[in-house]
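To be precise, the following lines are my_file07.cif, and they hold mmCIF, C-alpha atoms (C1' of nucleotides).
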data_my_file
loop_
_atom_site.label_atom_id
_atom_site.label_comp_id
_atom_site.auth_asym_id
_atom_site.auth_seq_id
_atom_site.Cartn_x
_atom_site.Cartn_y
_atom_site.Cartn_z
CA MET A 807 -83.03 51.03 19.02
CA LYS A 808 -81.65 48.60 21.60
CA LYS A 809 -79.40 45.85 20.46
CA GLN A 810 -80.88 42.43 21.01
CA ILE A 811 -78.16 40.36 22.56
CA ASN A 812 -78.92 36.69 22.57
CA ILE A 813 -76.96 34.68 25.07
CA GLU A 814 -78.74 31.40 24.91
CA LYS A 815 -77.09 28.37 26.38
CA ARG A 816 -76.78 25.43 24.06
CA SER A 817 -76.51 23.00 26.96
CA GLY A 818 -75.75 22.80 30.67
CA CYS A 819 -72.12 21.86 30.09
CA PRO A 820 -69.82 24.35 31.83
CA ILE A 821 -67.46 24.37 28.86
CA SER A 822 -70.33 24.97 26.46
CA CYS A 823 -71.75 27.72 28.71
CA THR A 824 -68.39 29.46 28.84
CA MET A 825 -67.97 29.22 25.09
CA ASP A 826 -71.43 30.73 24.69
CA LEU A 827 -69.99 33.85 26.35
CA VAL A 828 -66.47 34.11 25.00
CA GLY A 829 -66.37 31.55 22.20
CA ASP A 830 -65.87 34.00 19.38
CA LYS A 831 -62.88 35.55 17.71
CA TRP A 832 -62.84 38.83 19.63
CA SER A 833 -64.11 38.67 23.22
CA LEU A 834 -61.06 37.05 24.75
CA LEU A 835 -58.77 39.48 22.93
CA ILE A 836 -60.55 42.42 24.52
CA ILE A 837 -60.19 40.73 27.89
CA ARG A 838 -56.52 40.02 27.14
CA ASP A 839 -56.00 43.73 26.45
CA MET A 840 -57.56 44.62 29.79
CA LEU A 841 -55.74 41.93 31.73
CA TYR A 842 -52.25 42.08 30.28
CA LEU A 843 -51.96 45.42 28.51
CA GLY A 844 -53.85 47.62 30.93
CA LYS A 845 -56.24 48.93 28.31
CA THR A 846 -59.45 50.57 29.50
CA THR A 847 -60.95 52.64 26.69
CA TYR A 848 -62.75 52.09 23.41
CA ASN A 849 -59.93 53.59 21.38
CA GLU A 850 -57.28 51.54 23.10
CA PHE A 851 -59.19 48.37 22.23
CA LEU A 852 -59.72 49.64 18.70
CA ASN A 853 -55.97 50.01 18.19
CA SER A 854 -55.04 46.40 18.85
CA ASN A 855 -52.82 44.59 16.37
CA GLU A 856 -55.67 42.39 15.28
CA GLY A 857 -57.77 45.30 14.01
CA ILE A 858 -61.25 44.87 15.38
CA SER A 859 -63.86 46.97 13.60
CA THR A 860 -65.86 49.63 15.39
CA ASN A 861 -69.26 48.01 15.24
CA ILE A 862 -67.99 44.65 16.48
CA LEU A 863 -66.05 46.30 19.28
CA ASN A 864 -69.14 48.20 20.32
CA ASP A 865 -71.28 45.06 20.25
CA ARG A 866 -68.74 43.11 22.29
CA LEU A 867 -68.38 45.82 24.93
CA ILE A 868 -72.15 45.87 25.34
CA MET A 869 -72.39 42.08 25.42
CA LEU A 870 -69.48 41.61 27.84
CA THR A 871 -71.04 44.23 30.09
CA GLU A 872 -74.47 42.59 29.94
CA VAL A 873 -73.14 39.16 30.84
CA GLY A 874 -71.17 40.64 33.74
CA LEU A 875 -67.58 40.07 32.60
CA ILE A 876 -66.74 43.78 32.42
CA SER A 877 -68.21 47.01 33.72
CA PHE A 878 -67.51 50.68 33.14
CA THR A 879 -67.12 53.88 35.06
CA GLY A 880 -67.02 57.46 33.81
CA THR A 881 -69.68 59.26 31.83
CA ALA A 882 -70.99 58.45 28.40
CA LYS A 883 -68.07 59.69 26.32
CA ARG A 884 -65.19 58.93 28.62
CA LYS A 885 -65.94 55.38 29.59
CA LYS A 886 -63.34 53.36 31.36
CA TYR A 887 -63.86 49.64 31.20
CA VAL A 888 -62.68 47.27 33.90
CA LEU A 889 -62.96 43.55 34.48
CA THR A 890 -65.46 42.42 37.07
CA LYS A 891 -64.65 39.70 39.57
CA MET A 892 -66.18 37.25 37.15
CA GLY A 893 -64.06 38.67 34.34
CA LEU A 894 -60.92 38.30 36.40
CA ASP A 895 -61.78 34.62 36.82
CA LEU A 896 -60.94 34.25 33.14
CA LYS A 897 -57.27 34.85 33.90
CA PRO A 898 -56.41 31.13 34.19
CA VAL A 899 -58.17 30.58 30.87
CA LEU A 900 -56.16 33.30 29.15
CA GLU A 901 -53.02 31.98 30.75
CA SER A 902 -53.49 28.41 29.56
CA ILE A 903 -54.36 29.67 26.09
CA ALA A 904 -51.24 31.83 26.10
CA LEU A 905 -49.09 28.87 27.12
CA PHE A 906 -50.56 26.74 24.35
CA GLY A 907 -49.96 29.50 21.82
CA MET A 908 -46.42 30.10 23.00
CA LYS A 909 -45.62 26.43 22.68
CA HIS A 910 -47.04 26.01 19.21
CA PHE A 911 -46.77 29.35 17.43
CA ILE A 912 -43.82 31.26 18.84
CA SER A 913 -40.41 30.11 17.62
CA ASP A 914 -38.26 33.07 18.67
CA LYS A 915 -36.85 32.15 22.11
CA ARG A 916 -35.91 35.70 23.04
CA PHE A 917 -39.34 37.02 22.10
CA LEU A 918 -40.85 34.19 24.10
CA ARG A 919 -38.94 35.17 27.21
CA ASP A 920 -39.96 38.81 26.91
CA LEU A 921 -43.53 37.74 26.33
CA LYS A 922 -43.61 35.68 29.50
CA LYS A 923 -42.63 38.77 31.46
CA VAL A 924 -45.42 40.80 29.91
CA LEU A 925 -47.91 38.03 30.61
CA LYS A 926 -46.44 37.56 34.10
CA LEU A 927 -45.94 33.85 33.57
CA MET B 282 -64.20 20.20 -4.81
CA LYS B 283 -61.77 20.90 -1.98
CA LYS B 284 -62.84 23.15 0.82
CA GLN B 285 -60.74 26.27 1.08
CA ILE B 286 -59.85 26.60 4.72
CA ASN B 287 -58.44 29.94 5.68
CA ILE B 288 -56.40 29.94 8.84
CA GLU B 289 -54.82 33.38 8.67
CA LYS B 290 -53.26 34.78 11.76
CA ARG B 291 -54.48 38.18 12.80
CA SER B 292 -51.31 38.90 14.74
CA GLY B 293 -48.31 37.22 16.34
CA CYS B 294 -49.92 37.15 19.78
CA PRO B 295 -50.06 33.57 21.09
CA ILE B 296 -53.57 34.12 22.45
CA SER B 297 -54.74 35.53 19.15
CA CYS B 298 -53.08 32.66 17.22
CA THR B 299 -54.81 30.10 19.42
CA MET B 300 -58.17 31.81 19.02
CA ASP B 301 -57.63 31.77 15.26
CA LEU B 302 -57.72 27.96 15.54
CA VAL B 303 -60.33 27.24 18.18
CA GLY B 304 -62.01 30.60 18.72
CA ASP B 305 -65.41 29.60 17.42
CA LYS B 306 -68.50 28.10 18.96
CA TRP B 307 -67.84 24.47 18.05
CA SER B 308 -64.18 23.42 17.84
CA LEU B 309 -63.51 23.20 21.55
CA LEU B 310 -66.74 21.25 22.07
CA ILE B 311 -65.56 18.60 19.61
CA ILE B 312 -62.24 18.46 21.43
CA ARG B 313 -64.08 18.26 24.76
CA ASP B 314 -66.02 15.26 23.45
CA MET B 315 -62.79 13.53 22.47
CA LEU B 316 -60.98 14.41 25.67
CA TYR B 317 -63.62 13.82 28.32
CA LEU B 318 -66.31 11.69 26.72
CA GLY B 319 -64.13 9.37 24.67
CA LYS B 320 -65.92 10.10 21.43
CA THR B 321 -64.16 9.19 18.19
CA THR B 322 -66.67 9.12 15.35
CA TYR B 323 -68.69 11.56 13.27
CA ASN B 324 -71.97 10.33 14.66
CA GLU B 325 -70.84 10.51 18.24
CA PHE B 326 -69.91 14.15 17.74
CA LEU B 327 -73.16 14.77 15.93
CA ASN B 328 -75.16 13.53 18.90
CA SER B 329 -73.81 16.01 21.42
CA ASN B 330 -76.29 17.92 23.57
CA GLU B 331 -75.46 21.15 21.77
CA GLY B 332 -76.68 19.88 18.39
CA ILE B 333 -74.02 20.71 15.84
CA SER B 334 -75.22 20.49 12.25
CA THR B 335 -73.71 18.05 9.80
CA ASN B 336 -72.06 20.55 7.49
CA ILE B 337 -70.45 22.48 10.33
CA LEU B 338 -69.24 19.28 11.96
CA ASN B 339 -67.72 18.16 8.69
CA ASP B 340 -66.00 21.51 8.15
CA ARG B 341 -64.61 21.49 11.68
CA LEU B 342 -63.29 17.94 11.43
CA ILE B 343 -61.49 18.88 8.21
CA MET B 344 -60.15 22.12 9.67
CA LEU B 345 -59.01 20.57 12.95
CA THR B 346 -57.26 17.85 10.96
CA GLU B 347 -55.56 20.37 8.67
CA VAL B 348 -54.23 22.47 11.52
CA GLY B 349 -52.93 19.37 13.26
CA LEU B 350 -55.11 19.22 16.36
CA ILE B 351 -56.73 15.91 15.44
CA SER B 352 -56.05 13.06 13.04
CA PHE B 353 -57.95 10.00 11.93
CA THR B 354 -57.43 6.32 11.31
CA GLY B 355 -59.65 3.80 9.57
CA THR B 356 -60.98 3.94 6.05
CA ALA B 357 -63.25 6.48 4.45
CA LYS B 358 -66.54 5.50 6.06
CA ARG B 359 -65.36 4.28 9.41
CA LYS B 360 -63.09 7.06 10.46
CA LYS B 361 -61.91 7.22 14.02
CA TYR B 362 -60.70 10.60 15.12
CA VAL B 363 -58.08 11.06 17.80
CA LEU B 364 -56.32 14.05 19.30
CA THR B 365 -52.76 14.64 18.21
CA LYS B 366 -50.05 15.61 20.68
CA MET B 367 -50.81 19.21 19.84
CA GLY B 368 -54.50 18.59 20.43
CA LEU B 369 -53.79 17.03 23.81
CA ASP B 370 -51.97 20.22 24.75
CA LEU B 371 -55.38 21.88 24.81
CA LYS B 372 -56.30 19.91 27.91
CA PRO B 373 -55.24 22.66 30.35
CA VAL B 374 -57.27 25.13 28.30
CA LEU B 375 -60.39 22.95 28.46
CA GLU B 376 -59.78 22.39 32.15
CA SER B 377 -59.54 26.09 33.02
CA ILE B 378 -62.62 26.80 30.92
CA ALA B 379 -64.47 24.01 32.70
CA LEU B 380 -63.49 25.40 36.10
CA PHE B 381 -64.69 28.86 35.11
CA GLY B 382 -67.97 27.44 33.86
CA MET B 383 -68.47 25.32 36.95
CA LYS B 384 -67.94 28.33 39.19
CA HIS B 385 -70.30 30.63 37.34
CA PHE B 386 -72.96 28.50 35.69
CA ILE B 387 -73.47 25.37 37.77
CA SER B 388 -75.47 25.84 40.95
CA ASP B 389 -76.28 22.22 41.78
CA LYS B 390 -73.55 21.07 44.18
CA ARG B 391 -74.21 17.39 43.68
CA PHE B 392 -74.12 17.71 39.91
CA LEU B 393 -70.92 19.70 40.28
CA ARG B 394 -69.24 16.93 42.24
CA ASP B 395 -70.25 14.29 39.70
CA LEU B 396 -69.05 16.54 36.90
CA LYS B 397 -65.62 16.93 38.46
CA LYS B 398 -65.28 13.15 38.42
CA VAL B 399 -66.17 12.98 34.74
CA LEU B 400 -63.74 15.78 33.94
CA LYS B 401 -61.14 14.22 36.23
CA LEU B 402 -60.65 17.46 38.16
"C1'" DC C 1108 -68.31 79.44 20.58
"C1'" DA C 1109 -65.67 76.63 17.34
"C1'" DT C 1110 -62.66 72.69 16.95
"C1'" DT C 1111 -61.31 68.24 17.87
"C1'" DA C 1112 -61.66 63.64 18.93
"C1'" DA C 1113 -63.67 59.75 21.50
"C1'" DA C 1114 -67.51 56.81 21.38
"C1'" DC C 1115 -70.67 55.11 19.04
"C1'" DT C 1116 -74.27 54.21 14.77
"C1'" DT C 1117 -75.70 52.99 10.19
"C1'" DG C 1118 -75.73 50.73 5.69
"C1'" DC C 1119 -74.30 47.32 2.86
"C1'" DA C 1120 -71.42 43.55 0.97
"C1'" DA C 1121 -69.17 39.27 2.30
"C1'" DA C 1122 -68.62 35.33 5.13
"C1'" DA C 1123 -70.25 31.92 8.54
"C1'" DT C 1124 -74.03 29.30 10.33
"C1'" DG C 1125 -78.38 26.45 10.62
"C1'" DC C 1126 -81.64 23.53 8.54
"C1'" DA C 1127 -83.51 20.27 5.34
"C1'" DA C 1128 -82.67 17.29 1.97
"C1'" DG C 1129 -79.82 14.34 -0.97
"C1'" DT C 1130 -75.58 11.27 -2.09
"C1'" DT C 1131 -72.07 7.81 -1.42
"C1'" DT C 1132 -69.91 3.95 0.60
"C1'" DA C 1133 -69.58 0.25 4.15
"C1'" DT C 1134 -71.80 -2.99 7.07
"C1'" DT C 1135 -75.65 -6.14 8.11
"C1'" DA C 1136 -79.51 -9.03 6.94
"C1'" DT C 1137 -81.93 -11.98 3.77
"C1'" DA D 661 -75.17 -12.08 -4.21
"C1'" DT D 662 -78.62 -8.67 -3.41
"C1'" DA D 663 -81.25 -5.55 -0.66
"C1'" DA D 664 -81.70 -2.80 3.37
"C1'" DT D 665 -79.65 0.06 6.66
"C1'" DA D 666 -76.85 3.45 8.46
"C1'" DA D 667 -72.50 6.26 8.79
"C1'" DA D 668 -70.16 9.93 6.72
"C1'" DC D 669 -70.45 13.32 4.19
"C1'" DT D 670 -72.44 17.06 0.42
"C1'" DT D 671 -75.48 20.49 -1.43
"C1'" DG D 672 -78.67 24.36 -1.57
"C1'" DC D 673 -80.67 28.06 0.49
"C1'" DA D 674 -82.37 31.19 4.20
"C1'" DT D 675 -80.67 33.49 8.28
"C1'" DT D 676 -77.17 35.50 11.06
"C1'" DT D 677 -72.73 37.45 11.95
"C1'" DT D 678 -68.86 39.97 10.45
"C1'" DG D 679 -65.98 43.56 8.02
"C1'" DC D 680 -65.50 47.94 5.99
"C1'" DA D 681 -66.55 52.71 5.02
"C1'" DA D 682 -68.88 56.41 6.20
"C1'" DG D 683 -71.65 59.34 9.18
"C1'" DT D 684 -73.45 61.10 13.85
"C1'" DT D 685 -73.33 62.55 18.65
"C1'" DT D 686 -71.43 64.25 22.79
"C1'" DA D 687 -67.62 65.72 25.82
"C1'" DA D 688 -63.28 68.07 26.40
"C1'" DT D 689 -60.13 71.74 24.80
"C1'" DG D 690 -58.71 76.19 23.05
#
What does this structure look like when you write it as structure tokens?
Amino acid sequence: MKKQINIEKRSGCPISCTMDLVGDKWSLLIIRDMLYLGKTTYNEFLNSNEGISTNILNDRLIMLTEVGLISFTGTAKRKKYVLTKMGLDLKPVLESIALFGMKHFISDKRFLRDLKKVLKL
Amino acid sequence: MKKQINIEKRSGCPISCTMDLVGDKWSLLIIRDMLYLGKTTYNEFLNSNEGISTNILNDRLIMLTEVGLISFTGTAKRKKYVLTKMGLDLKPVLESIALFGMKHFISDKRFLRDLKKVLKL
DNA sequence: CATTAAACTTGCAAAATGCAAGTTTATTAT
DNA sequence: ATAATAAACTTGCATTTTGCAAGTTTAATG
């Protein structure tokens, strides 16, 4: 049975449209893992610190593929996911979010410096 | 009866922490309305194109206030909401999201140009 | 051919959301 | 001063989404 993925736009606002795609608690974290941590496989995503559950991860990978933010190569059971051009365009979004988070949630200066290297900021 | 607002962090990642605050379908739209459309009151937020419902709007206004992204002045039934310094720091996030959305969802060039003026981009 | 493990799938309880209706308090009109 | 209006919530309930635990399927490995 196919999953019914509903990606209805609430309005024509570009911010609203973008949030309709990635405005949930998990999508941008998967994209973060691809962009900054070089992750490509289901199990790598599954083992993030935040602990996404298997069904949600599966749903998100399907949805992100359907909307064109990611794509995959490899056969059924050895899928490798990569960001599409459109997905890569989210990099400035992730970056600004990371900067906001670093300013307001990270107090440890040394950790912050190391983090900037990882995030290439 | 007080609302119990749970703002638990899933990890120490600055992106994850930020998404724990505004990683839902409505929060950033409220902040967009304050930032770009000059809205300040409950009813102004309620009348957005996206059609937020009253209970969700109320929850979000409480939550955003509790986490320090917005604050309000005026008495009980004439509240005026404004962004805090922390809330204003979300401007680059909204801007990058808007740019992404304009690139991928808006085809009308004329509309796009007008939009950039409104968003001051 | 059997074992292992990666990549899903399913079922069910808990939480978040959407919708319709009601309540309370402040402003405006009479 | 009183009544009418409207802004700012609040409540109840059906629907949807999420989280967790377990099971299934298919590809690689021995």
| So which residues get picked by the PyMOL selection byres ((chain D and resi 690) around 12) here, written as a count of residues only? | 6
| message | Which residues are close to DC673 in chain D, i.e. within 12 Å by all atoms listed in the file, leaving aside same-chain residues fewer than 6 positions away? Reply as a PyMOL selection string. | response | chain C and resi 1124-1128
| query | Do you know which residues the PyMOL selection byres ((chain B and resi 288-296) around 10) returns on this file, as a PyMOL selection string? | reply | (chain A and resi 834-835+838+854-858+900-912+918+921) or (chain B and resi 285-287+297-302+304+344+347-348)
| task | Define the interface residues of chain A facing chain C as those within 9 Å, counting all atoms listed in the file, and report them as a VMD selection string. | result | chain A and resid 848 to 849 860 to 861 864 882 to 885
| field | Residues matched by the PyMOL selection byres ((chain D) within 9 of (chain A)), written as number ranges by chain | value | D: 678-680, 686-687
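Among the candidate residues A:Tyr887, A:Phe878, A:Phe851, A:Phe917, the one lying nearest to chain B is A:Phe917, with distances computed using only C-alpha atoms.
Across the structure, CA of Ile868 in chain A and CA of Val303 in chain B are spaced 23.2 Å apart.
Taking CA of Gly893 in chain A and CA of Leu870 in chain A as the two end points, the separation is 9.0 Å.
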| note | note - CA of Thr879 in chain A and CA of Asp865 in chain A are separated by 17.7 Å
| query | Between B:Lys320, B:Lys366, B:Arg391, B:Lys401, which is the closest to chain A once you count all atoms listed in the file? | reply | B:Lys366
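Minimum atom-to-atom distance to chain B, evaluated using only C-alpha atoms, belongs to A:Pro898 out of A:Gly874, A:Pro898, A:Gly844, A:Gly880.
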| remark: Using all atoms listed in the file, the best pick from A:Val899, A:Leu927, A:Leu867, A:Arg919 as closest to chain B would be A:Val899
Report as JSON the centre and the edge lengths, in Å to one decimal, of the axis-aligned box holding every listed atom of range 670-684 of chain D, padded by 5 Å on each side.
{"center_x": -73.9, "center_y": 39.1, "center_z": 6.1, "size_x": 26.9, "size_y": 54.0, "size_z": 25.4}
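Here the question is which of B:Asp389, B:Asn328, B:Leu400, B:Leu371 gets nearest to chain A using all atoms listed in the file, and that residue is B:Leu371.
Closest approach to chain B among A:Thr847, A:Asp895, A:Ser877, A:Val888: A:Asp895, based on all atoms listed in the file.
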Since the input has fewer atoms than a full residue there, write range 890-926 of chain A out with N, CA and C atoms, as a PDB file, keeping the file's coordinate frame.
ATOM      1  N   THR A 890     -64.784  42.732  35.814  1.00  0.00           N
ATOM      2  CA  THR A 890     -65.460  42.420  37.070  1.00  0.00           C
ATOM      3  C   THR A 890     -64.737  41.252  37.732  1.00  0.00           C
ATOM      4  N   LYS A 891     -65.209  40.894  38.910  1.00  0.00           N
ATOM      5  CA  LYS A 891     -64.650  39.700  39.570  1.00  0.00           C
ATOM      6  C   LYS A 891     -64.780  38.482  38.650  1.00  0.00           C
ATOM      7  N   MET A 892     -65.949  38.372  38.070  1.00  0.00           N
ATOM      8  CA  MET A 892     -66.180  37.250  37.150  1.00  0.00           C
ATOM      9  C   MET A 892     -65.203  37.321  35.977  1.00  0.00           C
ATOM     10  N   GLY A 893     -64.998  38.518  35.445  1.00  0.00           N
ATOM     11  CA  GLY A 893     -64.060  38.670  34.340  1.00  0.00           C
ATOM     12  C   GLY A 893     -62.653  38.280  34.730  1.00  0.00           C
ATOM     13  N   LEU A 894     -62.258  38.654  35.926  1.00  0.00           N
ATOM     14  CA  LEU A 894     -60.920  38.300  36.400  1.00  0.00           C
ATOM     15  C   LEU A 894     -60.738  36.795  36.524  1.00  0.00           C
ATOM     16  N   ASP A 895     -61.854  36.091  36.744  1.00  0.00           N
ATOM     17  CA  ASP A 895     -61.780  34.620  36.820  1.00  0.00           C
ATOM     18  C   ASP A 895     -61.378  33.995  35.490  1.00  0.00           C
ATOM     19  N   LEU A 896     -61.378  34.779  34.438  1.00  0.00           N
ATOM     20  CA  LEU A 896     -60.940  34.250  33.140  1.00  0.00           C
ATOM     21  C   LEU A 896     -59.417  34.224  33.010  1.00  0.00           C
ATOM     22  N   LYS A 897     -58.741  34.792  34.002  1.00  0.00           N
ATOM     23  CA  LYS A 897     -57.270  34.850  33.900  1.00  0.00           C
ATOM     24  C   LYS A 897     -56.626  33.480  33.689  1.00  0.00           C
ATOM     25  N   PRO A 898     -57.007  32.452  34.453  1.00  0.00           N
ATOM     26  CA  PRO A 898     -56.410  31.130  34.190  1.00  0.00           C
ATOM     27  C   PRO A 898     -56.691  30.612  32.781  1.00  0.00           C
ATOM     28  N   VAL A 899     -57.845  30.984  32.241  1.00  0.00           N
ATOM     29  CA  VAL A 899     -58.170  30.580  30.870  1.00  0.00           C
ATOM     30  C   VAL A 899     -57.211  31.249  29.896  1.00  0.00           C
ATOM     31  N   LEU A 900     -57.074  32.560  30.017  1.00  0.00           N
ATOM     32  CA  LEU A 900     -56.160  33.300  29.150  1.00  0.00           C
ATOM     33  C   LEU A 900     -54.744  32.764  29.288  1.00  0.00           C
ATOM     34  N   GLU A 901     -54.375  32.444  30.501  1.00  0.00           N
ATOM     35  CA  GLU A 901     -53.020  31.980  30.750  1.00  0.00           C
ATOM     36  C   GLU A 901     -52.752  30.633  30.074  1.00  0.00           C
ATOM     37  N   SER A 902     -53.702  29.716  30.189  1.00  0.00           N
ATOM     38  CA  SER A 902     -53.490  28.410  29.560  1.00  0.00           C
ATOM     39  C   SER A 902     -53.511  28.531  28.038  1.00  0.00           C
ATOM     40  N   ILE A 903     -54.337  29.431  27.535  1.00  0.00           N
ATOM     41  CA  ILE A 903     -54.360  29.670  26.090  1.00  0.00           C
ATOM     42  C   ILE A 903     -53.035  30.269  25.634  1.00  0.00           C
ATOM     43  N   ALA A 904     -52.516  31.208  26.436  1.00  0.00           N
ATOM     44  CA  ALA A 904     -51.240  31.830  26.100  1.00  0.00           C
ATOM     45  C   ALA A 904     -50.115  30.795  26.079  1.00  0.00           C
ATOM     46  N   LEU A 905     -50.126  29.898  27.068  1.00  0.00           N
ATOM     47  CA  LEU A 905     -49.090  28.870  27.120  1.00  0.00           C
ATOM     48  C   LEU A 905     -49.164  27.944  25.914  1.00  0.00           C
ATOM     49  N   PHE A 906     -50.388  27.561  25.550  1.00  0.00           N
ATOM     50  CA  PHE A 906     -50.560  26.740  24.350  1.00  0.00           C
ATOM     51  C   PHE A 906     -50.016  27.464  23.123  1.00  0.00           C
ATOM     52  N   GLY A 907     -50.399  28.713  22.975  1.00  0.00           N
ATOM     53  CA  GLY A 907     -49.960  29.500  21.820  1.00  0.00           C
ATOM     54  C   GLY A 907     -48.455  29.689  21.792  1.00  0.00           C
ATOM     55  N   MET A 908     -47.872  29.907  22.963  1.00  0.00           N
ATOM     56  CA  MET A 908     -46.420  30.100  23.000  1.00  0.00           C
ATOM     57  C   MET A 908     -45.699  28.825  22.605  1.00  0.00           C
ATOM     58  N   LYS A 909     -46.256  27.701  23.024  1.00  0.00           N
ATOM     59  CA  LYS A 909     -45.620  26.430  22.680  1.00  0.00           C
ATOM     60  C   LYS A 909     -45.692  26.141  21.181  1.00  0.00           C
ATOM     61  N   HIS A 910     -46.828  26.478  20.577  1.00  0.00           N
ATOM     62  CA  HIS A 910     -47.040  26.010  19.210  1.00  0.00           C
ATOM     63  C   HIS A 910     -46.865  27.062  18.110  1.00  0.00           C
ATOM     64  N   PHE A 911     -46.848  28.332  18.488  1.00  0.00           N
ATOM     65  CA  PHE A 911     -46.770  29.350  17.430  1.00  0.00           C
ATOM     66  C   PHE A 911     -45.579  30.282  17.528  1.00  0.00           C
ATOM     67  N   ILE A 912     -44.918  30.316  18.686  1.00  0.00           N
ATOM     68  CA  ILE A 912     -43.820  31.260  18.840  1.00  0.00           C
ATOM     69  C   ILE A 912     -42.488  30.511  18.779  1.00  0.00           C
ATOM     70  N   SER A 913     -41.677  30.817  17.778  1.00  0.00           N
ATOM     71  CA  SER A 913     -40.410  30.110  17.620  1.00  0.00           C
ATOM     72  C   SER A 913     -39.241  30.899  18.210  1.00  0.00           C
ATOM     73  N   ASP A 914     -39.358  32.217  18.214  1.00  0.00           N
ATOM     74  CA  ASP A 914     -38.260  33.070  18.670  1.00  0.00           C
ATOM     75  C   ASP A 914     -38.120  33.022  20.198  1.00  0.00           C
ATOM     76  N   LYS A 915     -37.039  32.386  20.671  1.00  0.00           N
ATOM     77  CA  LYS A 915     -36.850  32.150  22.110  1.00  0.00           C
ATOM     78  C   LYS A 915     -36.771  33.459  22.900  1.00  0.00           C
ATOM     79  N   ARG A 916     -36.076  34.438  22.322  1.00  0.00           N
ATOM     80  CA  ARG A 916     -35.910  35.700  23.040  1.00  0.00           C
ATOM     81  C   ARG A 916     -37.260  36.402  23.188  1.00  0.00           C
ATOM     82  N   PHE A 917     -37.999  36.421  22.090  1.00  0.00           N
ATOM     83  CA  PHE A 917     -39.340  37.020  22.100  1.00  0.00           C
ATOM     84  C   PHE A 917     -40.215  36.323  23.135  1.00  0.00           C
ATOM     85  N   LEU A 918     -40.066  34.989  23.165  1.00  0.00           N
ATOM     86  CA  LEU A 918     -40.850  34.190  24.100  1.00  0.00           C
ATOM     87  C   LEU A 918     -40.570  34.591  25.549  1.00  0.00           C
ATOM     88  N   ARG A 919     -39.309  34.802  25.849  1.00  0.00           N
ATOM     89  CA  ARG A 919     -38.940  35.170  27.210  1.00  0.00           C
ATOM     90  C   ARG A 919     -39.515  36.529  27.596  1.00  0.00           C
ATOM     91  N   ASP A 920     -39.407  37.480  26.666  1.00  0.00           N
ATOM     92  CA  ASP A 920     -39.960  38.810  26.910  1.00  0.00           C
ATOM     93  C   ASP A 920     -41.474  38.735  27.108  1.00  0.00           C
ATOM     94  N   LEU A 921     -42.085  37.896  26.276  1.00  0.00           N
ATOM     95  CA  LEU A 921     -43.530  37.740  26.330  1.00  0.00           C
ATOM     96  C   LEU A 921     -43.984  37.216  27.688  1.00  0.00           C
ATOM     97  N   LYS A 922     -43.246  36.250  28.199  1.00  0.00           N
ATOM     98  CA  LYS A 922     -43.610  35.680  29.500  1.00  0.00           C
ATOM     99  C   LYS A 922     -43.602  36.749  30.585  1.00  0.00           C
ATOM    100  N   LYS A 923     -42.664  37.675  30.481  1.00  0.00           N
ATOM    101  CA  LYS A 923     -42.630  38.770  31.460  1.00  0.00           C
ATOM    102  C   LYS A 923     -43.894  39.612  31.362  1.00  0.00           C
ATOM    103  N   VAL A 924     -44.233  39.978  30.118  1.00  0.00           N
ATOM    104  CA  VAL A 924     -45.420  40.800  29.910  1.00  0.00           C
ATOM    105  C   VAL A 924     -46.664  40.090  30.452  1.00  0.00           C
ATOM    106  N   LEU A 925     -46.747  38.802  30.182  1.00  0.00           N
ATOM    107  CA  LEU A 925     -47.910  38.030  30.610  1.00  0.00           C
ATOM    108  C   LEU A 925     -47.786  37.572  32.065  1.00  0.00           C
ATOM    109  N   LYS A 926     -46.670  37.921  32.686  1.00  0.00           N
ATOM    110  CA  LYS A 926     -46.440  37.560  34.100  1.00  0.00           C
ATOM    111  C   LYS A 926     -46.542  36.057  34.322  1.00  0.00           C
TER     112      LYS A 926
END
